[in-house]
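Raw contents of run_20.cif, mmCIF, C-alpha atoms, pLDDT in the B column; chains and numbers go by the auth columns:
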data_structure
loop_
_atom_site.group_PDB
_atom_site.id
_atom_site.type_symbol
_atom_site.label_atom_id
_atom_site.label_comp_id
_atom_site.label_asym_id
_atom_site.label_seq_id
_atom_site.Cartn_x
_atom_site.Cartn_y
_atom_site.Cartn_z
_atom_site.B_iso_or_equiv
_atom_site.auth_seq_id
_atom_site.auth_asym_id
ATOM 1 C CA MET A 1 212.960 90.863 17.547 48.00 1 I
ATOM 2 C CA HIS A 2 213.612 88.299 14.775 43.00 2 I
ATOM 3 C CA LEU A 3 210.289 89.226 13.161 45.00 3 I
ATOM 4 C CA ASN A 4 211.227 92.909 13.185 48.00 4 I
ATOM 5 C CA LEU A 5 214.553 92.088 11.537 41.00 5 I
ATOM 6 C CA ARG A 6 212.820 90.051 8.825 46.00 6 I
ATOM 7 C CA ARG A 7 210.332 92.861 8.174 46.00 7 I
ATOM 8 C CA THR A 8 213.152 95.420 8.022 47.00 8 I
ATOM 9 C CA ALA A 9 215.039 93.237 5.537 46.00 9 I
ATOM 10 C CA ALA A 10 211.889 92.809 3.466 46.00 10 I
ATOM 11 C CA ALA A 11 211.238 96.531 3.453 46.00 11 I
ATOM 12 C CA CYS A 12 214.806 97.339 2.385 47.00 12 I
ATOM 13 C CA PHE A 13 214.743 94.708 -0.380 45.00 13 I
ATOM 14 C CA THR A 14 211.432 95.886 -1.782 47.00 14 I
ATOM 15 C CA ALA A 15 212.341 99.570 -1.460 46.00 15 I
ATOM 16 C CA THR A 16 215.340 98.818 -3.679 42.00 16 I
ATOM 17 C CA ILE A 17 213.046 97.230 -6.281 46.00 17 I
ATOM 18 C CA ALA A 18 210.639 100.163 -6.132 46.00 18 I
ATOM 19 C CA ALA A 19 213.507 102.657 -6.447 44.00 19 I
ATOM 20 C CA ALA A 20 214.732 100.850 -9.535 40.00 20 I
ATOM 21 C CA ALA A 21 211.271 101.140 -11.029 43.00 21 I
ATOM 22 C CA PHE A 22 211.348 104.910 -10.710 40.00 22 I
ATOM 23 C CA ALA A 23 214.985 105.254 -11.785 40.00 23 I
ATOM 24 C CA SER A 24 214.462 103.970 -15.297 40.00 24 I
ATOM 25 C CA PRO A 25 211.417 104.134 -17.604 41.00 25 I
ATOM 26 C CA ALA A 26 212.399 100.719 -18.908 41.00 26 I
ATOM 27 C CA ASN A 27 211.760 99.270 -15.453 41.00 27 I
ATOM 28 C CA ALA A 28 208.470 101.060 -14.815 39.00 28 I
ATOM 29 C CA GLY A 29 206.662 97.749 -15.187 43.00 29 I
ATOM 30 C CA LEU A 30 207.795 96.776 -11.686 56.00 30 I
ATOM 31 C CA LEU A 31 204.846 98.790 -10.349 76.00 31 I
ATOM 32 C CA THR A 32 202.071 96.307 -9.780 79.00 32 I
ATOM 33 C CA GLN A 33 198.632 95.975 -11.277 83.00 33 I
ATOM 34 C CA SER A 34 195.764 97.122 -9.084 84.00 34 I
ATOM 35 C CA ALA A 35 193.215 94.512 -8.077 82.00 35 I
ATOM 36 C CA GLU A 36 189.752 95.116 -9.515 80.00 36 I
ATOM 37 C CA SER A 37 187.906 93.588 -6.553 78.00 37 I
ATOM 38 C CA CYS A 38 188.888 92.026 -3.246 82.00 38 I
ATOM 39 C CA ASP A 39 186.829 89.933 -0.855 79.00 39 I
ATOM 40 C CA ASP A 40 188.813 88.925 2.214 77.00 40 I
ATOM 41 C CA GLY A 41 186.104 86.641 3.559 84.00 41 I
ATOM 42 C CA PRO A 42 185.932 85.901 7.304 91.00 42 I
ATOM 43 C CA ILE A 43 188.642 87.381 9.524 93.00 43 I
ATOM 44 C CA THR A 44 189.759 85.092 12.365 94.00 44 I
ATOM 45 C CA GLN A 45 192.577 84.610 14.894 95.00 45 I
ATOM 46 C CA PRO A 46 193.727 81.053 14.105 97.00 46 I
ATOM 47 C CA PHE A 47 197.140 81.396 15.779 97.00 47 I
ATOM 48 C CA GLN A 48 195.957 82.917 19.051 96.00 48 I
ATOM 49 C CA ARG A 49 196.792 79.796 21.084 96.00 49 I
ATOM 50 C CA PHE A 50 200.374 80.144 19.868 96.00 50 I
ATOM 51 C CA GLY A 51 200.720 83.692 21.203 96.00 51 I
ATOM 52 C CA ASP A 52 199.805 85.384 17.916 95.00 52 I
ATOM 53 C CA GLY A 53 196.636 87.438 18.393 93.00 53 I
ATOM 54 C CA HIS A 54 196.734 88.976 14.914 92.00 54 I
ATOM 55 C CA ASN A 55 193.753 88.751 12.583 93.00 55 I
ATOM 56 C CA TYR A 56 194.091 86.588 9.470 95.00 56 I
ATOM 57 C CA LYS A 57 192.209 85.819 6.275 94.00 57 I
ATOM 58 C CA LEU A 58 192.251 82.295 4.844 96.00 58 I
ATOM 59 C CA LEU A 59 193.811 81.942 1.409 95.00 59 I
ATOM 60 C CA PRO A 60 191.120 80.816 -1.095 94.00 60 I
ATOM 61 C CA GLY A 61 190.831 77.044 -0.683 95.00 61 I
ATOM 62 C CA GLY A 62 193.570 77.220 1.960 96.00 62 I
ATOM 63 C CA SER A 63 191.879 74.752 4.322 97.00 63 I
ATOM 64 C CA PHE A 64 191.715 72.100 1.538 97.00 64 I
ATOM 65 C CA GLU A 65 188.417 70.799 2.914 96.00 65 I
ATOM 66 C CA ALA A 66 186.554 71.441 -0.341 91.00 66 I
ATOM 67 C CA GLY A 67 189.289 69.921 -2.476 88.00 67 I
ATOM 68 C CA THR A 68 191.690 71.942 -4.623 87.00 68 I
ATOM 69 C CA PRO A 69 189.639 73.035 -7.663 88.00 69 I
ATOM 70 C CA ALA A 70 191.185 76.519 -7.701 91.00 70 I
ATOM 71 C CA TRP A 71 194.739 75.367 -6.973 97.00 71 I
ATOM 72 C CA THR A 72 197.199 74.228 -9.634 97.00 72 I
ATOM 73 C CA LEU A 73 198.960 71.015 -8.582 98.00 73 I
ATOM 74 C CA SER A 74 201.851 69.284 -10.348 98.00 74 I
ATOM 75 C CA GLY A 75 204.483 66.615 -9.791 98.00 75 I
ATOM 76 C CA GLY A 76 202.321 64.452 -7.552 98.00 76 I
ATOM 77 C CA ALA A 77 200.978 67.138 -5.212 98.00 77 I
ATOM 78 C CA LYS A 78 197.570 65.976 -4.002 97.00 78 I
ATOM 79 C CA LEU A 79 194.883 66.194 -1.373 97.00 79 I
ATOM 80 C CA VAL A 80 195.260 63.610 1.410 97.00 80 I
ATOM 81 C CA SER A 81 193.466 62.563 4.581 97.00 81 I
ATOM 82 C CA GLY A 82 194.851 63.999 7.789 96.00 82 I
ATOM 83 C CA ASN A 83 194.294 67.560 8.987 98.00 83 I
ATOM 84 C CA GLU A 84 196.804 69.648 10.906 98.00 84 I
ATOM 85 C CA THR A 85 196.350 68.438 14.465 97.00 85 I
ATOM 86 C CA TYR A 86 195.244 71.749 16.004 97.00 86 I
ATOM 87 C CA LYS A 87 192.235 71.991 13.654 97.00 87 I
ATOM 88 C CA VAL A 88 192.122 75.782 13.787 97.00 88 I
ATOM 89 C CA GLY A 89 189.651 75.832 10.902 95.00 89 I
ATOM 90 C CA GLY A 90 187.141 73.539 12.570 96.00 90 I
ATOM 91 C CA SER A 91 186.905 70.303 14.545 96.00 91 I
ATOM 92 C CA THR A 92 185.468 68.407 11.564 97.00 92 I
ATOM 93 C CA HIS A 93 188.315 69.278 9.195 98.00 93 I
ATOM 94 C CA SER A 94 190.114 66.197 7.933 97.00 94 I
ATOM 95 C CA ARG A 95 192.276 67.048 4.890 97.00 95 I
ATOM 96 C CA SER A 96 195.592 68.618 3.975 98.00 96 I
ATOM 97 C CA LEU A 97 197.858 69.025 0.954 98.00 97 I
ATOM 98 C CA SER A 98 200.688 66.544 0.322 98.00 98 I
ATOM 99 C CA LEU A 99 203.799 67.841 -1.448 97.00 99 I
ATOM 100 C CA PRO A 100 206.193 65.016 -2.368 96.00 100 I
ATOM 101 C CA GLY A 101 209.661 65.676 -3.754 94.00 101 I
ATOM 102 C CA GLY A 102 209.521 67.314 -7.188 95.00 102 I
ATOM 103 C CA SER A 103 205.973 68.587 -6.743 98.00 103 I
ATOM 104 C CA ALA A 104 204.531 72.101 -6.643 98.00 104 I
ATOM 105 C CA ALA A 105 201.255 73.720 -5.637 98.00 105 I
ATOM 106 C CA VAL A 106 200.129 77.155 -6.820 98.00 106 I
ATOM 107 C CA SER A 107 197.336 78.901 -4.952 97.00 107 I
ATOM 108 C CA PRO A 108 194.487 80.947 -6.413 95.00 108 I
ATOM 109 C CA PHE A 109 194.933 84.718 -6.541 93.00 109 I
ATOM 110 C CA THR A 110 194.229 86.818 -3.469 92.00 110 I
ATOM 111 C CA CYS A 111 194.695 90.517 -2.739 89.00 111 I
ATOM 112 C CA VAL A 112 197.572 92.000 -0.759 88.00 112 I
ATOM 113 C CA GLY A 113 198.808 95.499 -0.125 83.00 113 I
ATOM 114 C CA LEU A 114 200.534 97.471 2.602 76.00 114 I
ATOM 115 C CA GLY A 115 198.007 95.969 5.019 76.00 115 I
ATOM 116 C CA GLU A 116 198.844 92.310 4.292 79.00 116 I
ATOM 117 C CA PRO A 117 202.479 91.858 5.332 86.00 117 I
ATOM 118 C CA THR A 118 202.820 88.183 6.172 91.00 118 I
ATOM 119 C CA LEU A 119 201.928 84.596 5.285 95.00 119 I
ATOM 120 C CA ARG A 120 201.467 81.890 7.926 96.00 120 I
ATOM 121 C CA LEU A 121 200.393 78.261 7.684 97.00 121 I
ATOM 122 C CA PHE A 122 200.721 74.812 9.234 97.00 122 I
ATOM 123 C CA ALA A 123 203.383 72.479 7.874 96.00 123 I
ATOM 124 C CA LYS A 124 204.842 69.042 8.519 95.00 124 I
ATOM 125 C CA ARG A 125 208.008 67.525 7.064 94.00 125 I
ATOM 126 C CA ASN A 126 207.389 63.920 6.044 93.00 126 I
ATOM 127 C CA SER A 127 210.844 63.009 4.770 90.00 127 I
ATOM 128 C CA ALA A 128 214.256 64.379 3.855 86.00 128 I
ATOM 129 C CA LEU A 129 216.516 63.239 1.012 83.00 129 I
ATOM 130 C CA LEU A 130 219.582 61.264 2.111 72.00 130 I
ATOM 131 C CA GLY A 131 219.475 62.758 5.582 68.00 131 I
ATOM 132 C CA LEU A 132 219.833 66.320 4.250 75.00 132 I
ATOM 133 C CA VAL A 133 217.916 69.268 5.643 80.00 133 I
ATOM 134 C CA SER A 134 214.601 69.613 3.823 88.00 134 I
ATOM 135 C CA THR A 135 212.703 72.871 3.593 90.00 135 I
ATOM 136 C CA LEU A 136 209.669 74.294 1.859 93.00 136 I
ATOM 137 C CA ASN A 137 210.282 76.972 -0.760 95.00 137 I
ATOM 138 C CA VAL A 138 207.543 79.625 -0.923 96.00 138 I
ATOM 139 C CA GLN A 139 207.272 82.232 -3.682 96.00 139 I
ATOM 140 C CA ILE A 140 204.759 84.974 -4.460 94.00 140 I
ATOM 141 C CA GLN A 141 203.718 85.967 -7.986 94.00 141 I
ATOM 142 C CA VAL A 142 202.900 89.601 -8.749 89.00 142 I
ATOM 143 C CA LYS A 143 201.786 91.195 -11.997 86.00 143 I
ATOM 144 C CA THR A 144 203.342 94.454 -13.092 84.00 144 I
ATOM 145 C CA SER A 145 201.476 97.415 -14.522 81.00 145 I
ATOM 146 C CA LEU A 146 202.721 96.293 -17.966 82.00 146 I
ATOM 147 C CA GLY A 147 201.164 92.842 -17.545 83.00 147 I
ATOM 148 C CA LEU A 148 204.421 90.999 -16.826 86.00 148 I
ATOM 149 C CA SER A 149 204.523 88.330 -14.107 89.00 149 I
ATOM 150 C CA LEU A 150 207.288 88.115 -11.512 89.00 150 I
ATOM 151 C CA TRP A 151 207.936 85.379 -8.961 94.00 151 I
ATOM 152 C CA LEU A 152 209.524 86.825 -5.805 90.00 152 I
ATOM 153 C CA PRO A 153 210.720 84.981 -2.690 91.00 153 I
ATOM 154 C CA VAL A 154 208.728 84.934 0.517 92.00 154 I
ATOM 155 C CA LEU A 155 211.184 85.354 3.367 83.00 155 I
ATOM 156 C CA PRO A 156 211.367 81.964 5.112 81.00 156 I
ATOM 157 C CA GLY A 157 210.393 81.502 8.718 75.00 157 I
ATOM 158 C CA ASP A 158 210.614 78.511 11.050 76.00 158 I
ATOM 159 C CA LEU A 159 208.744 75.758 9.206 80.00 159 I
ATOM 160 C CA GLY A 160 208.615 73.322 12.109 73.00 160 I
ATOM 161 C CA GLY A 161 209.650 69.695 11.874 86.00 161 I
ATOM 162 C CA SER A 162 208.271 66.203 11.496 90.00 162 I
ATOM 163 C CA SER A 163 205.037 66.939 13.369 95.00 163 I
ATOM 164 C CA TRP A 164 202.330 69.487 12.574 96.00 164 I
ATOM 165 C CA HIS A 165 203.409 72.946 13.661 95.00 165 I
ATOM 166 C CA PRO A 166 202.466 76.536 12.805 96.00 166 I
ATOM 167 C CA THR A 167 205.188 78.246 10.812 95.00 167 I
ATOM 168 C CA ALA A 168 206.616 81.560 11.858 93.00 168 I
ATOM 169 C CA GLN A 169 205.208 84.631 10.154 92.00 169 I
ATOM 170 C CA MET A 170 206.773 84.916 6.691 93.00 170 I
ATOM 171 C CA PRO A 171 207.134 88.487 5.338 89.00 171 I
ATOM 172 C CA LEU A 172 205.818 88.735 1.780 86.00 172 I
ATOM 173 C CA ILE A 173 208.186 91.421 0.414 74.00 173 I
ATOM 174 C CA ALA A 174 205.827 92.009 -2.532 69.00 174 I
ATOM 175 C CA ASN A 175 203.080 93.509 -0.389 62.00 175 I
ATOM 176 C CA ILE A 176 204.748 96.945 -0.307 64.00 176 I
ATOM 177 C CA LEU A 177 205.096 97.234 -4.086 67.00 177 I
ATOM 178 C CA PRO A 178 201.620 98.850 -4.206 60.00 178 I
ATOM 179 C CA LEU A 179 202.737 102.269 -2.972 55.00 179 I
ATOM 180 C CA SER A 180 199.359 103.491 -1.731 66.00 180 I
ATOM 181 C CA HIS A 181 197.643 102.381 1.485 66.00 181 I
ATOM 182 C CA SER A 182 194.381 102.033 -0.419 72.00 182 I
ATOM 183 C CA ASP A 183 195.819 100.050 -3.334 80.00 183 I
ATOM 184 C CA LYS A 184 195.978 96.263 -3.524 84.00 184 I
ATOM 185 C CA THR A 185 197.424 93.898 -6.058 85.00 185 I
ATOM 186 C CA PRO A 186 196.449 90.315 -6.975 89.00 186 I
ATOM 187 C CA VAL A 187 199.050 87.722 -5.992 92.00 187 I
ATOM 188 C CA ARG A 188 199.302 83.958 -5.726 95.00 188 I
ATOM 189 C CA PHE A 189 201.704 81.642 -3.931 97.00 189 I
ATOM 190 C CA ARG A 190 203.790 78.675 -5.054 98.00 190 I
ATOM 191 C CA PHE A 191 204.865 75.982 -2.585 97.00 191 I
ATOM 192 C CA THR A 192 207.742 73.684 -3.575 97.00 192 I
ATOM 193 C CA PRO A 193 209.438 71.138 -1.277 95.00 193 I
ATOM 194 C CA LEU A 194 213.239 71.059 -1.415 92.00 194 I
ATOM 195 C CA LEU A 195 215.166 67.841 -0.656 89.00 195 I
ATOM 196 C CA GLY A 196 212.174 66.057 0.831 92.00 196 I
ATOM 197 C CA SER A 197 208.401 65.880 1.127 95.00 197 I
ATOM 198 C CA TRP A 198 205.959 68.031 3.096 96.00 198 I
ATOM 199 C CA GLN A 199 202.320 68.473 4.025 97.00 199 I
ATOM 200 C CA VAL A 200 200.696 71.891 4.404 97.00 200 I
ATOM 201 C CA ASP A 201 197.336 73.011 5.714 98.00 201 I
ATOM 202 C CA ASP A 202 195.336 76.089 6.727 98.00 202 I
ATOM 203 C CA VAL A 203 197.201 78.781 4.776 97.00 203 I
ATOM 204 C CA TYR A 204 196.554 82.358 5.979 97.00 204 I
ATOM 205 C CA VAL A 205 197.528 85.946 5.126 95.00 205 I
ATOM 206 C CA ASP A 206 197.663 88.550 7.891 86.00 206 I
ATOM 207 C CA PRO A 207 195.535 91.652 7.144 72.00 207 I
ATOM 208 C CA VAL A 208 197.221 93.984 9.637 58.00 208 I
ATOM 209 C CA ARG A 209 194.772 96.819 8.946 50.00 209 I
ATOM 210 C CA MET A 210 192.051 94.865 10.770 43.00 210 I
ATOM 211 C CA ARG A 211 193.803 94.980 14.152 41.00 211 I
#
Using structure tokens, write down the structure that the file contains.
Amino acid sequence: MHLNLRRTAAACFTATIAAAAFASPANAGLLTQSAESCDDGPITQPFQRFGDGHNYKLLPGGSFEAGTPAWTLSGGAKLVSGNETYKVGGSTHSRSLSLPGGSAAVSPFTCVGLGEPTLRLFAKRNSALLGLVSTLNVQIQVKTSLGLSLWLPVLPGDLGGSSWHPTAQMPLIANILPLSHSDKTPVRFRFTPLLGSWQVDDVYVDPVRMR
């Protein structure tokens, strides 16, 4: 029920943005660029043991086992030893991404559309500032048809706590800006810890069309 409410909120929010794009020629750039090519790679069910039988595609470099050559890291974000404990990507996996306070990590581009509604990953909170509640801010970057870039929020889900845990499904909002079922747009994600430090691993997007 909570997931349906989040998806409804995401749909309403994005429908408002899309309506604004049509209402004024000056805002026509809100319509997104179409992706020239998309390769989803292997489709798996990494969250099946947690009651989520949906199919997912791994974000490029999202297991962090091959390093982070395609990711943009800043503020001390770095690859560290220690995989998420469920090892959904493979029993030999041994790395994750550390995000200390003040850091940020930006993923490579991937394709989303009406068929890719959610983001899901594994996360662990390592510390919180002065006993305050720490969270992980996630944003998605889209490019408009005029070549402008916009950073939009990803609706937050349950991020777990101080031990490795799969997050709840996080609606993307931006995935319904391409208004055709066959159209996709290139996007990338930015992860920023707020009031603390985090580790993330095994970052997936849900391609609902594959179900």
| query | Which of these residues is nearest to Leu155 in chain I, using all atoms listed in the file: I:Met170, I:Leu114, I:Leu99, I:Leu31? | reply | I:Met170
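The two atoms in question, CA of Ser149 in chain I and CA of Ala123 in chain I, are spaced 27.1 Å apart.
Within the 12 Å cut-off around Thr68 in chain I, using all atoms listed in the file and omitting residues fewer than 2 positions from it on the same chain, the listed residues are Leu59, Pro60, Gly61, Gly62, Ser63, Phe64, Glu65, Ala66, Ala70, Trp71, Thr72, Leu73, Ser74, Ala77, Lys78, Leu79, Val80, Arg95, Ser96, Leu97, Ser98, Ala105, Val106, Ser107, Pro108 and Asp201 of chain I.
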Assuming 6 Å of padding per side, give the centre and edge lengths of the axis-aligned box around every listed atom of range 86-98 of chain I, in Å to one decimal and as lines of an AutoDock Vina configuration file.
center_x = 193.1
center_y = 71.0
center_z = 8.2
size_x = 27.2
size_y = 21.6
size_z = 27.7
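Separating CA of Leu129 in chain I from CA of Gly101 in chain I is a distance of 8.7 Å.
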